[in-house]
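Novice: See model-v8.txt below, with compact mmCIF, C-alpha atoms.
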# COMPACT_ATOMS: atom_id res chain seq x y z
CA MET A 1 -79.41 -7.50 50.88
CA PRO A 2 -77.54 -10.42 52.50
CA ARG A 3 -73.93 -10.79 51.50
CA ILE A 4 -72.72 -13.78 49.54
CA VAL A 5 -69.76 -15.75 50.89
CA PHE A 6 -67.61 -18.33 49.16
CA MET A 7 -67.25 -21.45 51.32
CA ASN A 8 -64.88 -24.18 50.12
CA ASP A 9 -66.34 -24.79 46.65
CA ARG A 10 -69.51 -22.72 46.33
CA LEU A 11 -71.14 -19.37 46.93
CA VAL A 12 -73.69 -19.27 49.77
CA PRO A 13 -75.74 -16.61 51.59
CA GLU A 14 -73.89 -15.26 54.64
CA ASP A 15 -76.30 -16.96 57.09
CA GLU A 16 -75.31 -20.32 55.59
CA ALA A 17 -71.57 -19.62 55.81
CA ARG A 18 -70.57 -21.61 58.89
CA VAL A 19 -67.52 -23.34 60.31
CA SER A 20 -67.44 -25.94 63.04
CA VAL A 21 -66.92 -24.85 66.66
CA PHE A 22 -64.14 -27.48 66.61
CA ASP A 23 -62.31 -25.73 63.77
CA HIS A 24 -58.72 -25.07 64.81
CA GLY A 25 -58.88 -21.66 63.16
CA LEU A 26 -61.42 -20.70 65.83
CA LEU A 27 -59.93 -22.67 68.70
CA TYR A 28 -56.26 -21.80 68.21
CA GLY A 29 -55.96 -19.19 65.46
CA ASP A 30 -54.55 -22.01 63.32
CA GLY A 31 -54.88 -20.71 59.79
CA VAL A 32 -53.76 -18.02 57.37
CA PHE A 33 -55.41 -15.12 55.60
CA GLU A 34 -55.00 -12.28 53.13
CA GLY A 35 -56.72 -8.93 52.74
CA LEU A 36 -57.16 -7.71 49.16
CA ARG A 37 -58.59 -4.64 47.47
CA SER A 38 -60.60 -4.38 44.28
CA TYR A 39 -60.55 -1.20 42.22
CA SER A 40 -62.91 -0.70 39.28
CA GLY A 41 -63.62 -4.42 39.18
CA ARG A 42 -60.00 -5.59 39.29
CA VAL A 43 -58.20 -7.01 42.33
CA PHE A 44 -54.93 -5.22 42.99
CA ARG A 45 -51.96 -7.61 42.74
CA LEU A 46 -54.12 -10.70 43.15
CA ASP A 47 -51.29 -13.07 42.19
CA ALA A 48 -48.95 -11.56 44.80
CA HIS A 49 -51.56 -11.98 47.53
CA ILE A 50 -52.26 -15.58 46.56
CA ASP A 51 -48.53 -16.37 46.41
CA ARG A 52 -48.14 -14.94 49.94
CA LEU A 53 -51.13 -16.97 51.14
CA TRP A 54 -49.51 -20.15 49.81
CA ALA A 55 -46.19 -19.25 51.41
CA SER A 56 -47.86 -18.62 54.78
CA ALA A 57 -49.69 -21.94 54.55
CA LEU A 58 -46.52 -23.78 53.59
CA ALA A 59 -44.70 -22.28 56.55
CA ILE A 60 -47.24 -23.77 58.98
CA SER A 61 -47.64 -27.07 57.06
CA LEU A 62 -51.22 -26.27 56.07
CA ALA A 63 -52.33 -27.84 52.80
CA ILE A 64 -54.72 -25.52 50.94
CA PRO A 65 -57.38 -27.82 49.47
CA THR A 66 -57.43 -26.33 45.97
CA THR A 67 -55.29 -24.55 43.38
CA LYS A 68 -54.13 -20.96 43.09
CA GLU A 69 -56.19 -20.57 39.95
CA ALA A 70 -59.32 -21.77 41.75
CA VAL A 71 -58.73 -19.35 44.62
CA ALA A 72 -58.29 -16.45 42.19
CA LYS A 73 -61.58 -17.39 40.54
CA ALA A 74 -63.29 -17.64 43.94
CA VAL A 75 -62.14 -14.12 44.82
CA ASN A 76 -63.45 -12.65 41.58
CA ASP A 77 -66.69 -14.65 41.75
CA THR A 78 -67.35 -13.45 45.31
CA LEU A 79 -66.86 -9.82 44.31
CA ALA A 80 -69.19 -10.28 41.35
CA ALA A 81 -71.83 -12.04 43.44
CA ASN A 82 -71.89 -9.06 45.81
CA ASN A 83 -71.93 -6.52 42.96
CA LEU A 84 -68.72 -4.94 44.22
CA SER A 85 -66.48 -3.05 41.85
CA ASP A 86 -64.49 -1.24 44.56
CA GLY A 87 -64.32 -3.52 47.56
CA TYR A 88 -62.31 -5.36 50.16
CA VAL A 89 -61.81 -9.13 50.20
CA ARG A 90 -60.85 -11.28 53.17
CA LEU A 91 -59.41 -14.61 52.04
CA VAL A 92 -59.13 -17.18 54.84
CA VAL A 93 -57.88 -20.76 55.11
CA THR A 94 -58.33 -22.59 58.42
CA ARG A 95 -56.82 -25.89 59.55
CA GLY A 96 -60.30 -27.41 59.76
CA ALA A 97 -62.25 -29.22 62.47
CA GLY A 98 -60.36 -31.40 64.92
CA SER A 99 -60.11 -32.48 68.51
CA LEU A 100 -59.73 -30.30 71.60
CA GLY A 101 -55.97 -30.46 71.40
CA LEU A 102 -53.16 -28.79 69.54
CA ASP A 103 -52.25 -31.74 67.29
CA PRO A 104 -52.83 -30.53 63.71
CA ASN A 105 -52.73 -34.14 62.50
CA ARG A 106 -56.09 -34.69 64.19
CA THR A 107 -57.85 -32.10 62.04
CA ARG A 108 -59.72 -32.61 58.79
CA ASN A 109 -61.34 -30.60 56.02
CA PRO A 110 -59.42 -27.30 55.86
CA GLN A 111 -61.86 -24.46 55.21
CA LEU A 112 -61.49 -21.96 52.37
CA ILE A 113 -63.51 -18.81 52.97
CA VAL A 114 -63.81 -15.68 50.81
CA ILE A 115 -65.67 -12.64 52.15
CA ALA A 116 -66.22 -9.48 50.10
CA ASP A 117 -67.48 -6.17 51.44
CA THR A 118 -66.74 -2.46 51.42
CA ILE A 119 -64.18 -1.00 53.83
CA SER A 120 -63.30 2.43 55.14
CA LEU A 121 -60.47 2.00 57.61
CA TYR A 122 -59.85 5.68 58.39
CA PRO A 123 -61.95 8.83 57.95
CA GLU A 124 -61.08 10.94 54.91
CA GLU A 125 -59.88 13.80 57.11
CA PHE A 126 -56.98 11.63 58.33
CA TYR A 127 -55.75 11.25 54.75
CA GLU A 128 -55.89 15.01 54.33
CA LYS A 129 -54.51 16.12 57.70
CA GLY A 130 -52.59 13.05 58.90
CA LEU A 131 -52.77 10.54 61.73
CA ARG A 132 -51.70 10.87 65.34
CA ILE A 133 -50.26 7.59 66.69
CA VAL A 134 -48.52 6.33 69.82
CA THR A 135 -45.88 3.69 70.52
CA ALA A 136 -47.36 0.58 72.11
CA ALA A 137 -45.69 -1.14 75.05
CA THR A 138 -46.70 -4.47 73.47
CA GLN A 139 -43.76 -5.68 71.41
CA ARG A 140 -43.92 -7.36 68.03
CA VAL A 141 -43.62 -11.13 68.40
CA GLN A 142 -39.98 -12.17 67.97
CA SER A 143 -39.11 -13.74 64.64
CA ALA A 144 -37.62 -16.72 66.48
CA ALA A 145 -41.03 -17.38 68.04
CA LEU A 146 -43.21 -16.86 64.96
CA SER A 147 -42.08 -15.49 61.63
CA PRO A 148 -43.80 -12.16 60.91
CA ARG A 149 -43.90 -13.21 57.25
CA ILE A 150 -46.64 -15.70 58.17
CA LYS A 151 -49.97 -13.88 57.93
CA SER A 152 -51.72 -16.08 60.45
CA LEU A 153 -55.16 -15.91 62.07
CA ASN A 154 -53.52 -15.38 65.46
CA TYR A 155 -53.51 -11.57 65.68
CA LEU A 156 -53.77 -11.18 69.46
CA ASN A 157 -50.36 -9.51 69.63
CA ASN A 158 -51.53 -6.83 67.21
CA ILE A 159 -54.90 -6.51 68.92
CA MET A 160 -53.27 -5.82 72.29
CA ALA A 161 -51.18 -3.06 70.71
CA LYS A 162 -54.27 -1.73 68.92
CA LEU A 163 -56.06 -1.49 72.28
CA GLU A 164 -53.20 0.61 73.64
CA GLY A 165 -53.56 2.99 70.73
CA LEU A 166 -57.33 3.25 71.12
CA GLN A 167 -57.00 3.85 74.87
CA ALA A 168 -54.64 6.72 74.05
CA GLY A 169 -57.19 8.18 71.66
CA CYS A 170 -55.38 7.01 68.51
CA VAL A 171 -56.62 4.70 65.77
CA GLU A 172 -53.20 3.13 65.20
CA ALA A 173 -50.13 2.26 67.27
CA LEU A 174 -46.45 1.79 66.47
CA MET A 175 -44.89 -1.51 67.51
CA LEU A 176 -41.23 -2.11 68.35
CA ASN A 177 -39.31 -5.37 68.20
CA HIS A 178 -37.42 -6.98 71.10
CA LYS A 179 -34.37 -4.83 70.29
CA GLY A 180 -36.33 -1.61 70.60
CA GLU A 181 -36.29 -1.05 66.84
CA VAL A 182 -39.32 0.10 64.89
CA ALA A 183 -41.14 -2.87 63.34
CA GLU A 184 -44.55 -1.84 62.04
CA CYS A 185 -47.94 -0.62 63.19
CA THR A 186 -50.72 -2.98 64.22
CA GLY A 187 -51.98 -3.33 60.67
CA ASP A 188 -49.70 -1.20 58.50
CA ASN A 189 -46.09 -0.87 57.43
CA VAL A 190 -44.11 2.26 58.36
CA PHE A 191 -42.06 4.66 56.22
CA ILE A 192 -40.19 7.82 57.12
CA VAL A 193 -38.65 10.49 54.92
CA ARG A 194 -35.34 12.11 55.83
CA SER A 195 -33.50 14.58 53.56
CA GLY A 196 -35.54 13.40 50.60
CA ARG A 197 -34.74 9.70 51.16
CA LEU A 198 -37.40 7.11 51.91
CA LEU A 199 -36.56 4.69 54.76
CA THR A 200 -38.47 1.66 56.03
CA PRO A 201 -37.67 -1.22 58.40
CA PRO A 202 -36.23 -4.37 56.77
CA PRO A 203 -37.92 -7.80 57.03
CA GLU A 204 -35.51 -8.87 59.78
CA ALA A 205 -36.91 -6.09 62.01
CA GLY A 206 -40.01 -8.24 62.42
CA ILE A 207 -42.37 -6.97 59.73
CA LEU A 208 -44.88 -8.46 57.36
CA GLU A 209 -43.68 -7.55 53.86
CA GLY A 210 -46.80 -5.78 52.70
CA ILE A 211 -48.05 -5.86 49.13
CA THR A 212 -48.81 -2.12 49.31
CA ARG A 213 -45.41 -1.53 50.93
CA ASN A 214 -43.69 -3.17 47.98
CA ALA A 215 -45.78 -1.22 45.49
CA VAL A 216 -44.88 2.09 47.18
CA MET A 217 -41.19 1.20 47.12
CA GLU A 218 -41.48 0.53 43.38
CA LEU A 219 -43.25 3.86 42.88
CA ALA A 220 -40.51 5.64 44.82
CA HIS A 221 -37.80 4.15 42.61
CA ALA A 222 -39.78 5.09 39.50
CA ALA A 223 -40.04 8.67 40.79
CA GLY A 224 -36.31 8.87 41.43
CA ILE A 225 -36.73 8.86 45.22
CA GLU A 226 -34.00 6.92 46.98
CA CYS A 227 -35.59 4.14 49.03
CA ARG A 228 -33.75 1.97 51.55
CA GLU A 229 -34.63 -0.77 54.02
CA THR A 230 -32.75 0.00 57.22
CA PRO A 231 -33.21 -0.49 60.98
CA LEU A 232 -35.05 2.44 62.55
CA THR A 233 -35.53 3.60 66.12
CA ARG A 234 -38.07 5.96 67.65
CA TYR A 235 -35.40 8.66 67.44
CA ASP A 236 -35.44 8.25 63.66
CA VAL A 237 -39.22 8.60 63.62
CA TYR A 238 -39.28 11.59 65.97
CA THR A 239 -36.68 13.45 63.89
CA ALA A 240 -38.06 12.49 60.46
CA ASP A 241 -39.19 15.08 57.94
CA GLU A 242 -42.23 12.95 57.09
CA CYS A 243 -43.85 9.71 58.14
CA PHE A 244 -46.57 7.62 56.55
CA LEU A 245 -48.14 4.17 56.76
CA THR A 246 -49.07 1.69 54.03
CA GLY A 247 -51.49 -1.22 53.95
CA THR A 248 -54.10 -2.91 51.78
CA ALA A 249 -56.98 -1.28 53.64
CA ALA A 250 -55.15 1.91 54.64
CA GLU A 251 -53.46 2.44 51.25
CA VAL A 252 -51.05 5.36 51.90
CA ILE A 253 -51.83 7.57 54.91
CA PRO A 254 -49.67 10.33 56.44
CA VAL A 255 -48.63 10.43 60.12
CA VAL A 256 -48.08 13.88 61.61
CA ASP A 257 -47.70 13.13 65.33
CA VAL A 258 -46.03 10.23 67.18
CA ASP A 259 -46.16 10.03 70.98
CA GLY A 260 -47.17 13.67 71.14
CA ARG A 261 -44.21 14.79 69.02
CA ARG A 262 -44.90 16.67 65.82
CA ILE A 263 -43.38 15.06 62.73
CA GLY A 264 -41.83 17.57 60.36
CA THR A 265 -44.17 20.49 59.84
CA GLY A 266 -47.09 18.65 61.41
CA THR A 267 -48.80 18.36 58.02
CA PRO A 268 -48.52 15.74 55.24
CA GLY A 269 -45.21 16.29 53.44
CA PRO A 270 -44.45 16.48 49.71
CA VAL A 271 -42.96 12.98 49.36
CA THR A 272 -45.91 11.42 51.18
CA SER A 273 -48.37 13.39 49.06
CA ARG A 274 -46.56 12.44 45.86
CA LEU A 275 -46.51 8.73 46.67
CA LYS A 276 -50.12 8.76 47.84
CA ALA A 277 -51.19 10.28 44.53
CA ASP A 278 -48.99 7.90 42.54
CA PHE A 279 -50.46 4.93 44.39
CA HIS A 280 -54.01 6.06 43.66
CA ARG A 281 -53.15 6.34 39.98
CA LEU A 282 -51.53 2.90 40.02
CA VAL A 283 -54.47 1.03 41.55
CA ARG A 284 -56.96 2.69 39.23
CA ALA A 285 -54.90 2.30 36.07
As structure tokens - that is how I would like this structure written.

Specialist:
Amino acid sequence: MPRIVFMNDRLVPEDEARVSVFDHGLLYGDGVFEGLRSYSGRVFRLDAHIDRLWASALAISLAIPTTKEAVAKAVNDTLAANNLSDGYVRLVVTRGAGSLGLDPNRTRNPQLIVIADTISLYPEEFYEKGLRIVTAATQRVQSAALSPRIKSLNYLNNIMAKLEGLQAGCVEALMLNHKGEVAECTGDNVFIVRSGRLLTPPPEAGILEGITRNAVMELAHAAGIECRETPLTRYDVYTADECFLTGTAAEVIPVVDVDGRRIGTGTPGPVTSRLKADFHRLVRA
């Protein structure tokens, strides 16, 4: 069956969901987006995702042509129209059609798009046995150039790093910032465990503050696990007891090898396993 897509103010079949070739989202990556997950018919932390979408849009002076309440309804209506209880939602706002030039003032009609589908980012065996990743030579874009807190449509930096990982036979790659510190992976946040403490790079390291990342930090505190945001280097990752990644699509997934170096015992550790189980309980509660 054809998928149903929400375009601006209505649901339409996917073959009728079109944007102009002059849309600045297509021409220049000028727009913002969010990825959301639905579990048992309920979108996980919908309000937090919509708040982040609005913040990203505000940061690039993009006026979203509706209200937060209307966007929330569009997300739920799109899931329902596609008969999805457990699904993935891509929420997109583009600058709209304009001229062949960078001037955003020459655009019109920002586009609101909601796509719902199923997603399986990694095979189940990776959740059981852990991921092998490599460090990409492509650096995370400096915060002074573009704030990593803006979830924009321009993902070429991440794509280039992703290609490096794939060429090395890995499905994910670790990205460093301009100071050589660990930032994040191409689509996921990074955590390590050392002596029972949970450590993750701070926002100033050049990360997107993930919704799943924040949820895992809350779960760690609730479980009595000390959790700190602190600058990390590859040395910290190589010598960690455990490592795992978090993301809306990835959820919580262990990492057992970085750049050919075994992490800890080379198997998912107890803290990772505990938080992965706690997260699964949380999203299905």

Novice: If I take atom CA of A:Arg194 and atom CA of A:Arg274, how far is one from the other in Å, to one decimal?

Specialist: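 That distance, rounded to one decimal, is 15.0 Å.
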
Novice: Just how far from atom CA of A:Met175 is atom CA of A:Gly206, in Å to one decimal?

Specialist: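 These atoms are spaced 9.7 Å apart.
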
Novice: Just to confirm, what's the straight-line distance from atom CA of A:Lys151 to atom CA of A:Arg10 in Å (one decimal)?

Specialist: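 Those two atoms sit 24.4 Å apart.
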
Novice: Any idea what's packed within 8 Å of stretch 210-213 of chain A, counting all atoms listed in the file, ignoring anything in its chain fewer than 6 positions away? Could you give it as a list in words?

Specialist: Arg45, Ala48, His49, Asp188, Asn189, Thr246, Gly247, Thr248 and Glu251 of chain A

Novice: Which polymer residues have any atom within 10 Å of an atom of A:Arg262, counting all atoms listed in the file, with same-chain residues fewer than 2 positions away left out, as a VMD selection string?

Specialist: chain A and resid 132 238 to 242 255 to 260 264 to 267

Novice: Excluding A:Asp9 and its own-chain neighbours fewer than 4 positions away, which residues fall within 12 Å of it when counting only C-alpha atoms? Please give them as a list in words.

Specialist: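 After dropping sequence-adjacent residues, the list is Val5, Ala17, Pro65, Thr66, Thr67, Ala70, Val71, Lys73, Ala74, Val75, Asp77, Thr78, Pro110, Gln111, Leu112, Ile113 and Val114 of chain A.
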
Novice: I'd like the neighbourhood of A:Pro2 as a PyMOL selection string, where a residue qualifies if any of its atoms comes within 12 Å (using only C-alpha atoms), though same-chain residues fewer than 6 positions away should be ignored.

Specialist: chain A and resi 12-17+81-83+116-117

Novice: Using only C-alpha atoms, which of A:Gly130, A:Gly87, A:Gly224, A:Gly165 sits nearest A:Val252?

Specialist: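 Looking at the shortest contact to A:Val252, the residue is A:Gly130.
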
Novice: Might you pull out every residue within 8 Å of A:Thr118, with only C-alpha atoms counted and same-chain residues fewer than 6 positions away left off, and present them as a list in words?

Specialist: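 Contacts, in chain order: Leu84, Asp86, Gly87 and Tyr88 of chain A.
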
Novice: Could the residues in this selection be saved with C-alpha atoms as an mmCIF file, keeping the file's coordinate frame?

Specialist:
data_model
loop_
_atom_site.group_PDB
_atom_site.id
_atom_site.type_symbol
_atom_site.label_atom_id
_atom_site.label_comp_id
_atom_site.auth_asym_id
_atom_site.auth_seq_id
_atom_site.Cartn_x
_atom_site.Cartn_y
_atom_site.Cartn_z
ATOM 1 C CA LEU A 84 -68.720 -4.940 44.220
ATOM 2 C CA ASP A 86 -64.490 -1.240 44.560
ATOM 3 C CA GLY A 87 -64.320 -3.520 47.560
ATOM 4 C CA TYR A 88 -62.310 -5.360 50.160
#

Novice: Around (-61.9, -32.1, 59.0) in the file's frame, which residues reach within 6 Å when counting only C-alpha atoms? Return as a ChimeraX atom specification?

Specialist: /A:96-97,107-109

Novice: Using all atoms listed in the file, find the one residue out of A:Val182, A:Ala277, A:Ile263, A:Ala285 that sits nearest to A:Thr233.

Specialist: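 Looking at the shortest contact to A:Thr233, the residue is A:Val182.
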
Novice: Using all atoms listed in the file, can you list as a list in words the residues within 12 Å of (-56.1, -11.4, 65.2)?

Specialist: Gly25, Leu26, Tyr28, Gly29, Asp30, Gly31, Val32, Phe33, Lys151, Ser152, Leu153, Asn154, Tyr155, Leu156, Asn157, Asn158, Ile159, Met160, Ala161, Lys162, Thr186 and Gly187 of chain A
